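Asker: Sending over entry-v4.cif (mmCIF, C-alpha atoms).
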```
data_coords
loop_
_atom_site.label_atom_id
_atom_site.label_comp_id
_atom_site.auth_asym_id
_atom_site.auth_seq_id
_atom_site.Cartn_x
_atom_site.Cartn_y
_atom_site.Cartn_z
CA MET A 1 10.85 11.89 17.38
CA PRO A 2 9.25 14.47 15.10
CA THR A 3 5.71 15.51 15.69
CA VAL A 4 3.39 13.91 13.16
CA ALA A 5 2.60 17.35 11.73
CA SER A 6 6.30 18.20 11.34
CA ALA A 7 7.10 14.95 9.56
CA GLU A 8 4.06 15.37 7.31
CA THR A 9 5.12 18.93 6.42
CA VAL A 10 8.59 17.72 5.45
CA LYS A 11 7.21 14.77 3.46
CA SER A 12 4.77 17.07 1.66
CA PHE A 13 7.61 19.48 0.83
CA TYR A 14 9.84 16.83 -0.72
CA GLU A 15 6.96 15.07 -2.48
CA ALA A 16 6.11 18.44 -4.06
CA PHE A 17 9.77 18.76 -5.07
CA LYS A 18 9.65 15.31 -6.68
CA ALA A 19 6.54 16.45 -8.59
CA LYS A 20 8.25 19.76 -9.57
CA ASP A 21 5.46 21.66 -7.78
CA GLY A 22 7.20 24.85 -6.67
CA SER A 23 3.91 26.47 -5.68
CA GLN A 24 3.20 23.69 -3.19
CA MET A 25 6.75 23.87 -1.85
CA ALA A 26 6.35 27.63 -1.34
CA ALA A 27 3.00 27.10 0.38
CA LEU A 28 4.77 24.94 2.99
CA TYR A 29 7.14 27.78 3.90
CA ALA A 30 6.18 30.31 6.59
CA ASP A 31 5.93 33.90 5.35
CA ASP A 32 9.13 34.80 7.20
CA VAL A 33 11.05 31.59 6.36
CA GLU A 34 14.84 31.68 6.33
CA PHE A 35 16.66 29.59 3.70
CA GLU A 36 20.37 29.06 3.19
CA ASP A 37 22.58 26.94 0.97
CA PRO A 38 26.04 27.30 -0.64
CA VAL A 39 24.59 28.95 -3.75
CA PHE A 40 21.78 31.17 -2.48
CA LYS A 41 23.38 31.94 0.90
CA CYS A 42 20.55 33.60 2.82
CA LEU A 43 17.05 34.10 1.45
CA ARG A 44 14.04 35.21 3.44
CA GLY A 45 10.29 35.12 2.89
CA ASN A 46 9.12 35.48 -0.70
CA GLU A 47 12.65 35.22 -2.12
CA ALA A 48 13.03 31.76 -0.60
CA LYS A 49 9.57 30.74 -1.82
CA SER A 50 10.28 32.10 -5.31
CA MET A 51 13.58 30.21 -5.51
CA TRP A 52 11.75 26.87 -5.39
CA LEU A 53 9.16 28.07 -7.90
CA MET A 54 11.97 29.15 -10.26
CA LEU A 55 13.96 25.94 -9.82
CA CYS A 56 10.91 23.73 -10.38
CA LEU A 57 9.80 25.64 -13.47
CA ARG A 58 13.28 25.37 -14.99
CA ALA A 59 13.92 21.75 -13.95
CA LYS A 60 13.18 19.76 -17.06
CA ASP A 61 14.63 16.41 -16.04
CA ILE A 62 15.15 16.59 -12.26
CA LEU A 63 14.78 13.42 -10.20
CA VAL A 64 14.60 13.82 -6.42
CA ASP A 65 14.84 11.27 -3.64
CA TYR A 66 14.80 11.96 0.10
CA LYS A 67 14.78 10.39 3.54
CA ILE A 68 14.19 11.90 6.97
CA ILE A 69 17.21 10.71 8.94
CA THR A 70 16.98 12.44 12.32
CA SER A 71 14.52 14.48 14.26
CA ASP A 72 14.25 16.33 17.52
CA GLY A 73 10.68 17.52 17.95
CA ASN A 74 10.16 20.11 15.24
CA ASN A 75 13.77 20.03 13.97
CA LEU A 76 14.35 17.46 11.25
CA THR A 77 17.36 16.43 9.19
CA VAL A 78 16.76 15.15 5.68
CA LYS A 79 19.18 13.56 3.24
CA TRP A 80 18.08 14.29 -0.29
CA GLU A 81 19.58 13.83 -3.72
CA ALA A 82 18.82 15.51 -7.01
CA ARG A 83 19.86 14.34 -10.45
CA TYR A 84 19.42 16.85 -13.24
CA THR A 85 20.96 18.56 -16.26
CA PHE A 86 22.53 21.92 -15.36
CA ASP A 87 20.98 24.29 -17.90
CA ALA A 88 23.96 26.59 -18.46
CA THR A 89 26.36 23.79 -19.47
CA GLN A 90 24.05 20.84 -20.23
CA ARG A 91 26.18 18.78 -17.83
CA LEU A 92 24.67 16.08 -15.61
CA VAL A 93 24.68 16.79 -11.87
CA HIS A 94 24.06 14.42 -8.96
CA ASN A 95 23.85 16.66 -5.90
CA LYS A 96 23.82 15.05 -2.45
CA VAL A 97 22.36 17.35 0.18
CA THR A 98 21.79 17.29 3.92
CA ALA A 99 18.96 19.61 4.96
CA GLU A 100 18.14 20.95 8.40
CA LEU A 101 14.52 22.06 8.71
CA THR A 102 12.59 23.65 11.57
CA ILE A 103 8.81 23.41 11.56
CA LYS A 104 6.35 25.60 13.46
CA ASP A 105 2.57 25.43 13.15
CA GLY A 106 2.82 23.14 10.13
CA LYS A 107 5.11 25.48 8.17
CA ILE A 108 8.85 25.43 7.52
CA ILE A 109 10.41 28.41 9.30
CA LYS A 110 14.10 27.55 8.75
CA HIS A 111 15.70 25.50 6.00
CA LYS A 112 19.45 25.08 5.59
CA ASP A 113 20.89 22.86 2.86
CA HIS A 114 24.49 21.63 3.10
CA PHE A 115 26.40 20.25 0.11
CA SER A 116 29.91 20.35 -1.29
CA PHE A 117 30.13 23.39 -3.55
CA TRP A 118 33.31 21.98 -5.09
CA ARG A 119 31.60 18.66 -5.89
CA TRP A 120 28.57 20.46 -7.34
CA SER A 121 30.64 22.91 -9.41
CA SER A 122 32.90 20.11 -10.67
CA GLN A 123 29.84 18.39 -12.12
CA ALA A 124 27.91 21.47 -13.23
CA LEU A 125 30.83 23.43 -14.69
CA GLY A 126 33.29 20.71 -15.66
CA PRO A 127 36.98 21.70 -15.81
CA VAL A 128 36.37 25.22 -14.47
CA GLY A 129 34.55 23.79 -11.45
CA ILE A 130 37.22 21.16 -10.89
CA LEU A 131 39.99 23.77 -10.92
CA LEU A 132 38.21 26.67 -9.18
CA GLY A 133 35.28 25.13 -7.30
CA TRP A 134 37.20 25.36 -4.02
CA SER A 135 37.75 29.12 -4.43
CA SER A 136 35.65 31.84 -2.85
CA PHE A 137 36.01 33.73 -6.16
CA LEU A 138 33.99 31.14 -8.10
CA GLN A 139 31.52 30.62 -5.28
CA LYS A 140 30.82 34.36 -5.04
CA LYS A 141 30.48 34.59 -8.82
CA ILE A 142 27.92 31.74 -8.87
CA GLN A 143 26.08 33.22 -5.87
CA LYS A 144 25.81 36.62 -7.58
CA LYS A 145 24.58 35.07 -10.84
CA ALA A 146 22.01 32.92 -9.00
CA LEU A 147 20.69 35.87 -7.00
CA THR A 148 20.45 38.02 -10.13
CA SER A 149 18.56 35.23 -11.88
CA LEU A 150 16.20 34.88 -8.91
CA ARG A 151 15.54 38.62 -8.74
CA THR A 152 14.86 38.76 -12.49
CA PHE A 153 12.49 35.81 -12.08
CA THR A 154 10.66 37.37 -9.12
CA GLY A 155 10.23 40.57 -11.10
CA HIS A 156 8.07 38.58 -13.52
CA ASN A 157 6.54 36.00 -11.16
CA GLN A 158 5.01 36.65 -7.77
CA VAL A 159 4.46 33.97 -5.12
#
```
Please re-express this file's structure in structure tokens.

Answerer:
Amino acid sequence: MPTVASAETVKSFYEAFKAKDGSQMAALYADDVEFEDPVFKCLRGNEAKSMWLMLCLRAKDILVDYKIITSDGNNLTVKWEARYTFDATQRLVHNKVTAELTIKDGKIIKHKDHFSFWRWSSQALGPVGILLGWSSFLQKKIQKKALTSLRTFTGHNQV
């Protein structure tokens, strides 16, 4: 059973995501938060906070839904889905994600998102993703591009 504060933190985070409020999402992260997913690998602190700010500012048509599915004190698992148009290709994406979050003192200190990179790349990139989405080559290429984009963004926007 999650603590009431932990569940409220997680609900506030995903409600902010639904509202495309990256600033509120960042405010719910601890200063030394650790974030990981198949695209951004490992972000810490302000980089993790800035990622959500960047994604929310760029998300023109994103729809988010979520549900807390398991909890163990301050460790919660959330199933969430996002439907959006991938900017680079204008292709529709329906990403299904399982998130593991750890809460301490009302802030998210660890956040790890799990999703199929192949499934995501197949939707976002079309034929290239279908053919190469399983390969570490494509995954590393996307990771590098995403990190470069984030660092360019953070150079112009501070959390």

Asker: Selection in question (the file shown): the PyMOL selection byres ((chain A and resi 117) around 12). Which residues does it include, as a VMD selection string?

Answerer: chain A and resid 37 to 41 93 95 to 97 113 to 116 118 to 125 129 to 130 132 to 136 138 to 140 142 to 143

Asker: Excluding Leu92 (chain A) and residues on its chain fewer than 3 positions from it, collect all residues at most 9 Å away from it, counting all atoms listed in the file, and give them as an MDAnalysis selection string.

Answerer: chainID A and resid 83:86 89 123:124

Asker: Provide the CA of Leu55 (chain A) to CA of Lys20 (chain A) distance in Å, to one decimal place.

Answerer: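 A separation of 8.4 Å between them.
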
Asker: List the neighbours of region 5-16 of chain A out to 12 Å using only C-alpha atoms; skip same-chain residues closer than 2 positions along the sequence, and give me the result as a ChimeraX atom specification.

Answerer: /A:1-3,18-30,49,52-53,56,63-82,99-111

Asker: I'd like the interatomic distance between CA of Asn46 (chain A) and CA of Asp31 (chain A), to a tenth of an Å.

Answerer: 7.0 Å

Asker: Please indicate the distance in Å from CA of Leu43 (chain A) to CA of Lys145 (chain A), rounded to one decimal place.

Answerer: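 Separation between CA of Leu43 (chain A) and CA of Lys145 (chain A): 14.4 Å.
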